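As stored in protein.txt (compact mmCIF, C-alpha atoms):
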```txt
# COMPACT_ATOMS: atom_id res chain seq x y z
CA MET K 1 29.63 21.91 -14.32
CA ILE K 2 28.52 25.53 -14.46
CA GLN K 3 26.99 24.98 -17.90
CA ALA K 4 25.11 21.92 -16.61
CA LEU K 5 23.78 23.83 -13.58
CA THR K 6 22.83 26.71 -15.85
CA LEU K 7 20.86 24.29 -18.04
CA LEU K 8 19.00 22.90 -15.01
CA PHE K 9 18.18 26.42 -13.78
CA ALA K 10 17.22 27.52 -17.31
CA CYS K 11 14.75 24.62 -17.57
CA GLN K 12 13.26 25.53 -14.20
CA LEU K 13 13.06 29.21 -15.14
CA THR K 14 11.43 28.42 -18.50
CA GLY K 15 8.99 26.13 -16.68
CA GLU K 16 8.07 28.88 -14.20
CA ILE K 17 7.64 31.45 -16.98
CA LEU K 18 5.45 29.15 -19.12
CA VAL K 19 3.27 28.14 -16.14
CA ARG K 20 2.75 31.73 -15.04
CA ALA K 21 2.15 33.01 -18.56
CA ALA K 22 -0.45 30.31 -19.16
CA GLY K 23 -1.97 30.84 -15.72
CA ILE K 24 -2.20 27.10 -15.01
CA PRO K 25 -1.79 25.68 -11.48
CA PHE K 26 1.24 23.54 -12.31
CA PRO K 27 4.65 23.59 -10.54
CA GLY K 28 7.32 25.24 -12.74
CA PRO K 29 10.11 22.79 -11.76
CA VAL K 30 7.95 19.80 -12.80
CA LEU K 31 7.43 21.36 -16.22
CA GLY K 32 11.22 21.97 -16.20
CA MET K 33 11.69 18.23 -15.66
CA GLY K 34 9.54 17.60 -18.75
CA LEU K 35 11.56 20.18 -20.71
CA ILE K 36 14.93 18.58 -19.94
CA PHE K 37 13.49 15.16 -20.78
CA ALA K 38 12.27 16.51 -24.14
CA LEU K 39 15.64 18.20 -24.79
CA LEU K 40 17.52 14.95 -24.17
CA LEU K 41 15.07 13.03 -26.33
CA VAL K 42 15.62 15.43 -29.25
CA ARG K 43 19.41 15.58 -28.77
CA GLY K 44 19.70 11.81 -28.30
CA ARG K 45 22.50 11.93 -25.71
CA SER K 46 23.42 13.49 -22.38
CA ALA K 47 26.73 15.15 -21.44
CA PRO K 48 29.10 13.93 -18.67
CA ALA K 49 28.86 17.29 -16.87
CA LEU K 50 25.06 17.17 -16.92
CA ASP K 51 25.11 13.60 -15.60
CA THR K 52 27.43 14.66 -12.77
CA ALA K 53 25.37 17.72 -11.82
CA ALA K 54 22.06 15.84 -11.89
CA ASP K 55 23.39 12.80 -10.02
CA THR K 56 25.00 14.97 -7.34
CA LEU K 57 21.69 16.74 -6.71
CA LEU K 58 19.68 13.50 -6.74
CA GLN K 59 22.10 11.58 -4.50
CA ASN K 60 21.58 14.29 -1.86
CA LEU K 61 17.89 14.87 -2.54
CA SER K 62 16.93 13.90 1.04
CA LEU K 63 19.01 16.72 2.49
CA LEU K 64 17.10 19.26 0.40
CA PHE K 65 13.76 18.68 2.11
CA VAL K 66 15.08 18.85 5.68
CA PRO K 67 14.35 22.62 6.01
CA ALA K 68 10.74 22.06 4.91
CA ALA K 69 10.31 19.06 7.21
CA VAL K 70 11.50 21.15 10.17
CA GLY K 71 8.61 23.52 9.33
CA VAL K 72 6.15 20.93 10.64
CA VAL K 73 7.02 22.29 14.09
CA GLN K 74 4.69 25.19 13.24
CA GLN K 75 1.84 22.71 12.65
CA ALA K 76 2.44 20.63 15.79
CA GLY K 77 -1.00 21.44 17.24
CA LEU K 78 -2.84 20.64 14.01
CA VAL K 79 -1.00 17.33 13.60
CA ALA K 80 -1.48 16.33 17.25
CA ALA K 81 -5.23 16.99 17.02
CA ASN K 82 -5.61 14.88 13.86
CA TRP K 83 -2.98 12.18 14.22
CA VAL K 84 -5.44 9.28 14.02
CA ALA K 85 -6.89 10.51 10.71
CA ILE K 86 -3.40 11.19 9.32
CA ALA K 87 -1.92 7.85 10.40
CA SER K 88 -4.93 5.88 9.12
CA ALA K 89 -4.87 7.68 5.77
CA LEU K 90 -1.13 7.09 5.29
CA ILE K 91 -1.14 3.42 6.31
CA VAL K 92 -4.31 2.26 4.51
CA SER K 93 -3.71 4.37 1.39
CA THR K 94 -0.10 3.18 1.01
CA ILE K 95 -1.10 -0.51 1.27
CA LEU K 96 -4.01 0.03 -1.17
CA THR K 97 -1.75 1.86 -3.64
CA LEU K 98 0.86 -0.93 -3.57
CA VAL K 99 -1.76 -3.66 -4.09
CA VAL K 100 -3.69 -1.83 -6.84
CA SER K 101 -0.47 -0.86 -8.70
CA VAL K 102 1.13 -4.29 -8.65
CA TYR K 103 -2.06 -6.16 -9.67
CA THR K 104 -2.79 -3.70 -12.49
CA PHE K 105 0.79 -3.98 -13.75
CA ARG K 106 0.64 -7.81 -13.73
CA ALA K 107 -2.81 -8.00 -15.31
CA VAL K 108 -1.91 -5.73 -18.23
CA ALA K 109 1.51 -7.38 -18.67
CA ARG K 110 -0.18 -10.80 -18.91
CA MET K 111 -2.65 -9.40 -21.46
CA VAL K 112 0.22 -7.99 -23.58
CA GLU K 113 2.15 -11.29 -23.36
CA ARG K 114 -0.90 -13.32 -24.35
CA ARG K 115 -1.58 -11.04 -27.33
CA ALA K 116 2.09 -11.27 -28.41
CA ALA K 117 1.97 -15.08 -28.11
CA GLY K 118 -1.33 -15.13 -30.06
CA GLY K 119 0.21 -12.99 -32.80
CA GLN K 120 3.10 -15.42 -33.24
CA ALA K 121 0.89 -18.52 -33.42
CA MET I 1 38.70 36.61 28.36
CA SER I 2 36.08 33.96 27.85
CA GLY I 3 33.10 33.66 30.12
CA PRO I 4 29.37 33.13 29.95
CA GLY I 5 28.98 36.74 28.80
CA ASP I 6 31.27 36.23 25.82
CA PHE I 7 29.51 33.02 24.87
CA TYR I 8 26.19 34.85 25.00
CA ARG I 9 27.50 37.64 22.76
CA ILE I 10 28.82 35.14 20.21
CA TRP I 11 25.47 33.29 20.31
CA VAL I 12 23.51 36.51 19.80
CA TYR I 13 25.69 37.35 16.80
CA LEU I 14 25.62 33.85 15.24
CA SER I 15 21.92 33.23 15.78
CA GLN I 16 21.16 36.26 13.61
CA THR I 17 23.26 35.13 10.63
CA PRO I 18 22.24 32.55 8.02
CA LEU I 19 25.57 30.74 8.57
CA LEU I 20 24.59 29.17 11.89
CA TRP I 21 21.35 27.54 10.75
CA LEU I 22 22.74 26.55 7.37
CA SER I 23 25.62 24.79 9.17
CA ALA I 24 23.22 23.24 11.68
CA THR I 25 21.08 21.83 8.84
CA LEU I 26 24.09 20.25 7.12
CA PHE I 27 25.45 18.92 10.43
CA ALA I 28 22.10 17.43 11.49
CA TYR I 29 21.79 15.72 8.11
CA ALA I 30 25.36 14.37 8.38
CA VAL I 31 24.44 12.88 11.77
CA GLY I 32 21.19 11.40 10.37
CA ASP I 33 23.06 9.95 7.39
CA ALA I 34 25.76 8.42 9.63
CA VAL I 35 23.10 6.80 11.86
CA SER I 36 21.27 5.48 8.78
CA LEU I 37 24.52 4.04 7.37
CA ARG I 38 25.40 2.42 10.73
CA LEU I 39 21.97 0.72 10.74
CA ARG I 40 22.62 -0.54 7.20
CA ARG I 41 20.08 1.89 5.66
CA HIS I 42 17.12 0.40 7.51
CA PRO I 43 14.02 2.32 6.31
CA LEU I 44 13.03 3.20 9.88
CA ALA I 45 16.37 5.01 10.41
CA ASN I 46 15.50 7.75 7.92
CA PRO I 47 18.12 10.55 7.72
CA VAL I 48 15.47 13.24 7.05
CA MET I 49 13.44 12.31 10.13
CA ILE I 50 16.57 12.13 12.30
CA ALA I 51 17.87 15.49 10.99
CA ALA I 52 14.49 17.22 11.32
CA GLY I 53 14.02 15.81 14.83
CA LEU I 54 17.44 17.06 15.94
CA LEU I 55 16.82 20.51 14.44
CA ILE I 56 13.35 20.81 16.00
CA LEU I 57 14.88 19.93 19.40
CA LEU I 58 17.58 22.54 18.85
CA LEU I 59 15.10 25.25 17.76
CA THR I 60 12.71 24.66 20.67
CA SER I 61 15.50 24.43 23.29
CA THR I 62 17.10 27.70 22.10
CA GLY I 63 13.80 29.49 21.58
CA THR I 64 14.61 30.13 17.90
CA SER I 65 11.71 30.83 15.54
CA TYR I 66 11.25 28.87 12.32
CA GLN I 67 11.55 32.15 10.37
CA THR I 68 15.04 32.75 11.80
CA TYR I 69 15.99 29.13 11.08
CA PHE I 70 14.70 29.33 7.52
CA GLU I 71 16.84 32.41 6.75
CA GLY I 72 19.81 30.05 6.92
CA ALA I 73 18.15 26.88 5.69
CA GLN I 74 16.65 28.54 2.60
CA PHE I 75 19.90 28.03 0.68
CA VAL I 76 19.45 24.27 0.95
CA HIS I 77 15.69 24.52 0.33
CA PHE I 78 16.26 26.53 -2.85
CA LEU I 79 18.07 23.61 -4.53
CA LEU I 80 14.79 21.63 -4.60
CA GLY I 81 13.91 23.38 -7.88
CA PRO I 82 16.93 22.30 -9.95
CA ALA I 83 16.83 18.87 -8.24
CA THR I 84 13.26 18.41 -9.49
CA VAL I 85 14.41 19.29 -13.02
CA ALA I 86 17.25 16.78 -12.60
CA LEU I 87 14.66 14.00 -12.06
CA GLY I 88 14.18 14.15 -15.84
CA LEU I 89 17.62 12.57 -16.40
CA PRO I 90 17.03 9.11 -14.87
CA LEU I 91 13.69 9.09 -16.66
CA TRP I 92 15.46 9.71 -19.97
CA ARG I 93 18.14 7.07 -19.21
CA ASN I 94 15.39 4.49 -18.69
CA ARG I 95 13.35 5.47 -21.75
CA LEU I 96 13.93 2.07 -23.43
CA ALA I 97 12.59 0.13 -20.43
CA VAL I 98 9.59 2.48 -20.43
CA ARG I 99 8.92 1.86 -24.13
CA ARG I 100 9.15 -1.94 -23.74
CA ASN I 101 6.66 -1.99 -20.85
CA SER I 102 4.60 1.05 -21.74
CA LEU I 103 1.13 -0.53 -21.47
CA PRO I 104 1.48 -2.17 -18.02
CA MET I 105 3.23 0.98 -16.81
CA ILE I 106 0.57 3.41 -18.02
CA ALA I 107 -2.23 1.25 -16.57
CA ALA I 108 -0.51 0.72 -13.20
CA LEU I 109 0.44 4.37 -13.02
CA LEU I 110 -3.11 5.62 -13.62
CA ALA I 111 -4.69 3.11 -11.22
CA GLY I 112 -2.02 3.54 -8.53
CA SER I 113 -1.86 7.32 -8.71
CA LEU I 114 -5.63 7.75 -8.46
CA THR I 115 -5.79 5.20 -5.61
CA ALA I 116 -3.04 7.02 -3.70
CA ILE I 117 -4.74 10.40 -4.03
CA GLY I 118 -8.37 9.30 -3.61
CA SER I 119 -7.98 6.83 -0.75
CA ALA I 120 -5.81 9.11 1.39
CA VAL I 121 -8.21 12.04 1.14
CA ALA I 122 -11.33 9.85 1.56
CA ILE I 123 -10.02 8.13 4.71
CA ALA I 124 -8.89 11.38 6.36
CA TRP I 125 -12.19 13.06 5.43
CA VAL I 126 -14.25 10.22 6.93
CA LEU I 127 -12.19 10.51 10.12
CA GLY I 128 -12.94 14.25 10.32
CA ALA I 129 -9.64 15.86 9.29
CA PRO I 130 -9.94 19.64 8.57
CA PRO I 131 -9.34 21.13 5.07
CA PRO I 132 -5.65 22.14 5.58
CA ILE I 133 -4.82 18.50 6.33
CA LEU I 134 -7.01 17.14 3.51
CA ALA I 135 -5.17 19.45 1.09
CA SER I 136 -1.77 18.29 2.37
CA LEU I 137 -2.48 14.55 1.95
CA PRO I 138 -3.10 13.89 -1.79
CA ALA I 139 0.54 14.39 -2.84
CA LYS I 140 1.88 12.05 -0.12
CA SER I 141 3.06 9.35 -2.56
CA VAL I 142 4.97 11.78 -4.78
CA THR I 143 8.63 12.68 -4.29
CA ALA I 144 8.94 15.54 -1.77
CA PRO I 145 10.00 18.47 -4.01
CA ILE I 146 7.06 17.86 -6.37
CA ALA I 147 4.67 17.14 -3.50
CA MET I 148 5.48 20.42 -1.77
CA ALA I 149 5.02 22.45 -4.94
CA LEU I 150 1.70 20.68 -5.66
CA THR I 151 0.43 21.12 -2.10
CA GLU I 152 1.08 24.84 -2.37
CA THR I 153 -1.03 25.11 -5.56
CA ILE I 154 -4.09 23.58 -3.82
CA GLY I 155 -3.82 25.53 -0.56
CA GLY I 156 -2.33 22.83 1.66
CA ILE I 157 0.66 23.18 4.01
CA PRO I 158 3.92 22.34 2.16
CA ALA I 159 5.82 21.62 5.40
CA LEU I 160 3.15 19.14 6.48
CA ALA I 161 3.19 17.58 3.00
CA ALA I 162 6.97 17.13 3.25
CA VAL I 163 6.61 15.23 6.53
CA LEU I 164 3.66 13.14 5.24
CA VAL I 165 5.70 12.27 2.13
CA VAL I 166 8.64 11.09 4.24
CA LEU I 167 6.36 9.07 6.59
CA THR I 168 4.61 7.47 3.58
CA GLY I 169 8.01 6.62 2.10
CA ILE I 170 9.20 5.04 5.35
CA PHE I 171 6.01 2.99 5.77
CA GLY I 172 6.01 1.90 2.11
CA ALA I 173 9.67 0.90 2.25
CA VAL I 174 9.08 -1.16 5.40
CA ILE I 175 5.90 -2.89 4.17
CA VAL I 176 6.58 -3.48 0.44
CA THR I 177 8.70 -6.68 0.63
CA PRO I 178 6.56 -8.58 3.20
CA LEU I 179 3.36 -7.44 1.43
CA MET I 180 4.51 -8.55 -2.03
CA ASN I 181 5.73 -11.90 -0.64
CA LEU I 182 2.33 -12.32 1.04
CA LEU I 183 0.59 -11.65 -2.30
CA GLY I 184 2.95 -14.17 -3.95
CA ILE I 185 4.14 -11.73 -6.63
CA ARG I 186 7.51 -12.71 -8.08
CA ASP I 187 7.67 -10.23 -11.00
CA PHE I 188 10.33 -7.80 -9.73
CA ALA I 189 9.55 -5.20 -12.39
CA ALA I 190 5.94 -5.05 -11.14
CA ARG I 191 6.99 -5.05 -7.48
CA GLY I 192 9.46 -2.23 -8.00
CA PHE I 193 7.03 -0.20 -10.08
CA ALA I 194 4.38 -0.43 -7.34
CA ALA I 195 6.96 0.59 -4.70
CA GLY I 196 7.91 3.67 -6.73
CA ILE I 197 4.28 4.75 -7.21
CA ALA I 198 3.29 4.28 -3.55
CA SER I 199 6.43 5.45 -1.79
CA HIS I 200 8.65 7.48 -4.18
CA GLY I 201 12.39 7.76 -3.40
CA LEU I 202 12.34 5.76 -0.17
CA GLY I 203 10.48 2.91 -1.89
CA THR I 204 12.99 3.15 -4.75
CA ALA I 205 15.95 2.94 -2.38
CA ARG I 206 14.37 -0.13 -0.75
CA ALA I 207 13.66 -1.70 -4.16
CA PHE I 208 17.33 -1.33 -5.17
CA GLN I 209 18.29 -3.29 -2.03
CA VAL I 210 16.03 -6.14 -3.16
CA SER I 211 16.93 -6.24 -6.88
CA GLU I 212 18.47 -4.05 -9.56
CA GLU I 213 15.44 -4.59 -11.81
CA ALA I 214 12.98 -3.64 -9.07
CA GLY I 215 15.03 -0.51 -8.28
CA THR I 216 15.13 0.65 -11.90
CA PHE I 217 11.37 0.25 -12.30
CA ALA I 218 10.75 1.98 -8.95
CA GLY I 219 12.82 4.97 -10.09
CA ILE I 220 10.84 5.19 -13.33
CA ALA I 221 7.55 4.96 -11.41
CA MET I 222 8.65 7.72 -9.02
CA GLY I 223 9.39 10.13 -11.88
CA LEU I 224 6.28 9.28 -13.88
CA ASN I 225 4.03 9.44 -10.80
CA GLY I 226 5.36 12.93 -10.01
CA ALA I 227 4.48 14.13 -13.50
CA LEU I 228 1.07 12.37 -13.59
CA THR I 229 0.05 13.59 -10.12
CA ALA I 230 0.95 17.15 -11.13
CA LEU I 231 -1.25 16.72 -14.22
CA ILE I 232 -4.16 15.32 -12.17
CA PHE I 233 -3.87 18.22 -9.70
CA ALA I 234 -3.88 20.78 -12.52
CA LEU I 235 -6.94 19.17 -14.15
CA LEU I 236 -8.78 19.03 -10.81
CA ALA I 237 -7.90 22.66 -10.05
CA LEU I 238 -9.15 23.77 -13.48
CA ALA I 239 -12.34 21.69 -13.15
CA ILE I 240 -13.25 23.14 -9.73
```
As a first step, turn the structure in this file into structure tokens.
Amino acid sequence: MIQALTLLFACQLTGEILVRAAGIPFPGPVLGMGLIFALLLVRGRSAPALDTAADTLLQNLSLLFVPAAVGVVQQAGLVAANWVAIASALIVSTILTLVVSVYTFRAVARMVERRAAGGQA
Amino acid sequence: MSGPGDFYRIWVYLSQTPLLWLSATLFAYAVGDAVSLRLRRHPLANPVMIAAGLLILLLTSTGTSYQTYFEGAQFVHFLLGPATVALGLPLWRNRLAVRRNSLPMIAALLAGSLTAIGSAVAIAWVLGAPPPILASLPAKSVTAPIAMALTETIGGIPALAAVLVVLTGIFGAVIVTPLMNLLGIRDFAARGFAAGIASHGLGTARAFQVSEEAGTFAGIAMGLNGALTALIFALLALAI
């Protein structure tokens, strides 16, 4: 368990160091996510302890952003003054994203299937 | 022995230690989670919104500042970093599904991610939202830990981003099934993938309720969209 947590922290730390050293505006933990993915890809298998540590964190992911969400109390005035713009952006953009994503996925999948069928014929 | 004076002294002591607000955060989340479970995980009964609402009520009614609260809550907040790293594991577990469907996934991911970012900012800009809000909107479809980190890099308000992310997730989770039925789409891989791009973890949780296949593809989309959005942000920041 401790080794697994250490690995997660080490990936985050390496990510932070690389991002700062390179001076690129990229979140260290996200690079850490790429690092652990690459590590697993090279090693070819995970470890039970790593699975447990990662799953425990991810099963309780919602809890982890409660402190940040409470922080919106400091922006209450800003949100209240712009709620129409915010609500419109969230609602319209979410519907658009769903529609664009699903149609693109289907269109390209059909293209791939047709090409595969053509190749067999 | 015990009177209002004693209670006040205990309160003064506790309100200055991290223990009180750390406990309050965990307790509020336990309440939110219990309510969500009782309502059979309905997307509208979101544990984060319930917990944050309870805590905001508690802070305002006791006159506690957010800074004091955060001294306790920071221990929970800190775990966002390793949790983000942990998102790499489900992505790795699903690598075979990704390889089999790589072309539709890459195309949908690019189109969906750019739509999510562009349309949110464009709509809010047209409706006159000020820069701090515009900078807090583009990461709204990405899972909260990544969204908050990204929002910070472009000068937005991470706390606002966290709330926008959760609201987007709730709305996406509520709308995805009726919308996809309306569009007549029966490919559950495509439906789940779209849900994961548009509404991250909450869309993924909803997709798993509908079908195992949809849930798996939603989880993959959530992870990939986090990575791609981070890349788009970095490229935009370097270009500007």
Problem set entry | Nearest candidate to I:Leu167 (options K:Val42, K:Val102, K:Ala21, K:Ala87; using all atoms listed in the file) |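 For I:Leu167, the nearest of the given residues is K:Ala87.
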Exercise. Of the candidates I:Pro43, I:Gly81, I:Gly53, I:Gly118, which one gets nearest to K:Thr97 if we count all atoms listed in the file?
Worked result: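 The answer is I:Gly118, which sits nearest to K:Thr97.
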Problem set entry | Selection near I:Val76, 8 Å with only C-alpha atoms, sequence-local residues under 2 positions removed, as a ChimeraX atom specification | /K:63-64,67 /I:22,73-74,78-80
With only C-alpha atoms counted and 7 Å as the cut-off, give the residues of chain I in contact with chain K, each with its shortest interatomic distance in Å and the pair that gives it, as JSON lines.
```
{"residue": "I:Tyr29", "atom": "CA", "partner": "K:Leu63", "partner_atom": "CA", "distance": 6.3}
{"residue": "I:Val48", "atom": "CA", "partner": "K:Val66", "partner_atom": "CA", "distance": 5.8}
{"residue": "I:Ala51", "atom": "CA", "partner": "K:Val66", "partner_atom": "CA", "distance": 6.9}
{"residue": "I:Ala52", "atom": "CA", "partner": "K:Val70", "partner_atom": "CA", "distance": 5.1}
{"residue": "I:Leu55", "atom": "CA", "partner": "K:Val70", "partner_atom": "CA", "distance": 6.9}
{"residue": "I:Ile56", "atom": "CA", "partner": "K:Val70", "partner_atom": "CA", "distance": 6.1}
{"residue": "I:Tyr66", "atom": "CA", "partner": "K:Gly71", "partner_atom": "CA", "distance": 6.7}
{"residue": "I:Phe70", "atom": "CA", "partner": "K:Pro67", "partner_atom": "CA", "distance": 6.9}
{"residue": "I:Ala73", "atom": "CA", "partner": "K:Pro67", "partner_atom": "CA", "distance": 5.7}
{"residue": "I:Val76", "atom": "CA", "partner": "K:Leu64", "partner_atom": "CA", "distance": 5.6}
{"residue": "I:His77", "atom": "CA", "partner": "K:Leu64", "partner_atom": "CA", "distance": 5.4}
{"residue": "I:Leu79", "atom": "CA", "partner": "K:Leu64", "partner_atom": "CA", "distance": 6.6}
{"residue": "I:Leu80", "atom": "CA", "partner": "K:Leu64", "partner_atom": "CA", "distance": 6.0}
{"residue": "I:Gly81", "atom": "CA", "partner": "K:Pro29", "partner_atom": "CA", "distance": 5.5}
{"residue": "I:Pro82", "atom": "CA", "partner": "K:Leu8", "partner_atom": "CA", "distance": 5.5}
{"residue": "I:Ala83", "atom": "CA", "partner": "K:Leu57", "partner_atom": "CA", "distance": 5.5}
{"residue": "I:Thr84", "atom": "CA", "partner": "K:Pro29", "partner_atom": "CA", "distance": 5.9}
{"residue": "I:Val85", "atom": "CA", "partner": "K:Met33", "partner_atom": "CA", "distance": 3.9}
{"residue": "I:Ala86", "atom": "CA", "partner": "K:Ala54", "partner_atom": "CA", "distance": 5.0}
{"residue": "I:Leu87", "atom": "CA", "partner": "K:Met33", "partner_atom": "CA", "distance": 6.3}
{"residue": "I:Gly88", "atom": "CA", "partner": "K:Met33", "partner_atom": "CA", "distance": 4.8}
{"residue": "I:Leu89", "atom": "CA", "partner": "K:Phe37", "partner_atom": "CA", "distance": 6.6}
{"residue": "I:Trp92", "atom": "CA", "partner": "K:Phe37", "partner_atom": "CA", "distance": 5.9}
{"residue": "I:Leu103", "atom": "CA", "partner": "K:Val108", "partner_atom": "CA", "distance": 6.8}
{"residue": "I:Pro104", "atom": "CA", "partner": "K:Phe105", "partner_atom": "CA", "distance": 4.7}
{"residue": "I:Met105", "atom": "CA", "partner": "K:Phe105", "partner_atom": "CA", "distance": 6.3}
{"residue": "I:Ala107", "atom": "CA", "partner": "K:Thr104", "partner_atom": "CA", "distance": 6.4}
{"residue": "I:Ala108", "atom": "CA", "partner": "K:Ser101", "partner_atom": "CA", "distance": 4.8}
{"residue": "I:Leu109", "atom": "CA", "partner": "K:Ser101", "partner_atom": "CA", "distance": 6.8}
{"residue": "I:Ala111", "atom": "CA", "partner": "K:Ser101", "partner_atom": "CA", "distance": 6.3}
{"residue": "I:Gly112", "atom": "CA", "partner": "K:Ser101", "partner_atom": "CA", "distance": 4.7}
{"residue": "I:Thr115", "atom": "CA", "partner": "K:Thr97", "partner_atom": "CA", "distance": 5.6}
{"residue": "I:Ala116", "atom": "CA", "partner": "K:Thr97", "partner_atom": "CA", "distance": 5.3}
{"residue": "I:Ser119", "atom": "CA", "partner": "K:Ser93", "partner_atom": "CA", "distance": 5.4}
{"residue": "I:Ala120", "atom": "CA", "partner": "K:Ala89", "partner_atom": "CA", "distance": 4.7}
{"residue": "I:Ile123", "atom": "CA", "partner": "K:Ala89", "partner_atom": "CA", "distance": 5.3}
{"residue": "I:Ala124", "atom": "CA", "partner": "K:Ala85", "partner_atom": "CA", "distance": 4.9}
{"residue": "I:Leu127", "atom": "CA", "partner": "K:Ala85", "partner_atom": "CA", "distance": 5.3}
{"residue": "I:Ala129", "atom": "CA", "partner": "K:Asn82", "partner_atom": "CA", "distance": 6.2}
{"residue": "I:Ala144", "atom": "CA", "partner": "K:Phe65", "partner_atom": "CA", "distance": 6.9}
{"residue": "I:Ile146", "atom": "CA", "partner": "K:Val30", "partner_atom": "CA", "distance": 6.8}
{"residue": "I:Ala149", "atom": "CA", "partner": "K:Pro27", "partner_atom": "CA", "distance": 5.7}
{"residue": "I:Leu150", "atom": "CA", "partner": "K:Pro27", "partner_atom": "CA", "distance": 6.4}
{"residue": "I:Thr153", "atom": "CA", "partner": "K:Pro25", "partner_atom": "CA", "distance": 6.0}
{"residue": "I:Ala159", "atom": "CA", "partner": "K:Ala68", "partner_atom": "CA", "distance": 5.0}
{"residue": "I:Leu160", "atom": "CA", "partner": "K:Val72", "partner_atom": "CA", "distance": 5.4}
{"residue": "I:Ala162", "atom": "CA", "partner": "K:Ala69", "partner_atom": "CA", "distance": 5.5}
{"residue": "I:Val163", "atom": "CA", "partner": "K:Ala69", "partner_atom": "CA", "distance": 5.4}
{"residue": "I:Thr168", "atom": "CA", "partner": "K:Leu90", "partner_atom": "CA", "distance": 6.0}
{"residue": "I:Gly172", "atom": "CA", "partner": "K:Thr94", "partner_atom": "CA", "distance": 6.3}
{"residue": "I:Ala190", "atom": "CA", "partner": "K:Val102", "partner_atom": "CA", "distance": 5.5}
{"residue": "I:Arg191", "atom": "CA", "partner": "K:Val102", "partner_atom": "CA", "distance": 6.0}
{"residue": "I:Ala194", "atom": "CA", "partner": "K:Ser101", "partner_atom": "CA", "distance": 5.1}
{"residue": "I:Ala195", "atom": "CA", "partner": "K:Leu98", "partner_atom": "CA", "distance": 6.4}
{"residue": "I:Ala198", "atom": "CA", "partner": "K:Thr97", "partner_atom": "CA", "distance": 5.6}
{"residue": "I:Ala227", "atom": "CA", "partner": "K:Val30", "partner_atom": "CA", "distance": 6.7}
{"residue": "I:Ala230", "atom": "CA", "partner": "K:Phe26", "partner_atom": "CA", "distance": 6.5}
{"residue": "I:Ala234", "atom": "CA", "partner": "K:Pro25", "partner_atom": "CA", "distance": 5.4}
{"residue": "I:Ala237", "atom": "CA", "partner": "K:Pro25", "partner_atom": "CA", "distance": 7.0}
```
For this session: Have a look at I:Arg9, I:Ala45, I:Ile133, I:Ile50 and name the one nearest to K:Ala80; count all atoms listed in the file.
Result: I:Ile133
Problem set entry | Contact residues around I:Gly155 with only C-alpha atoms at 8 Å, ignoring same-chain residues under 2 positions, as a ChimeraX atom specification | /I:132,135,151-153,157
For this session: Rank I:Ile240, I:Leu110, I:Leu182, I:Ala205 by their smallest atom-to-atom distance to I:Phe217, using all atoms listed in the file, and report the top residue only.
Result: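 Smallest distance to I:Phe217 is found for I:Ala205.
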For this session: Measure the distance from atom CA of I:Phe171 to atom CA of I:Asn46 in Å and round it to one decimal.
Result: 10.8 Å
Exercise. Rounded to one decimal in Å, what is the spacing between atom CA of I:Phe193 and atom CA of I:Leu164?
Worked result: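 Separation of atom CA of I:Phe193 and atom CA of I:Leu164: 20.6 Å.
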Problem set entry | Atom pair atom CA of I:Ser23 / atom CA of I:His42: separation (Å) | 25.9 Å
Exercise. Taking all atoms listed in the file into account, which of I:Asn101, I:Tyr8, I:Trp21, I:Ile232 comes nearest K:Glu113?
Worked result: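 Going through I:Asn101, I:Tyr8, I:Trp21, I:Ile232 one by one, the smallest distance to K:Glu113 is for I:Asn101.
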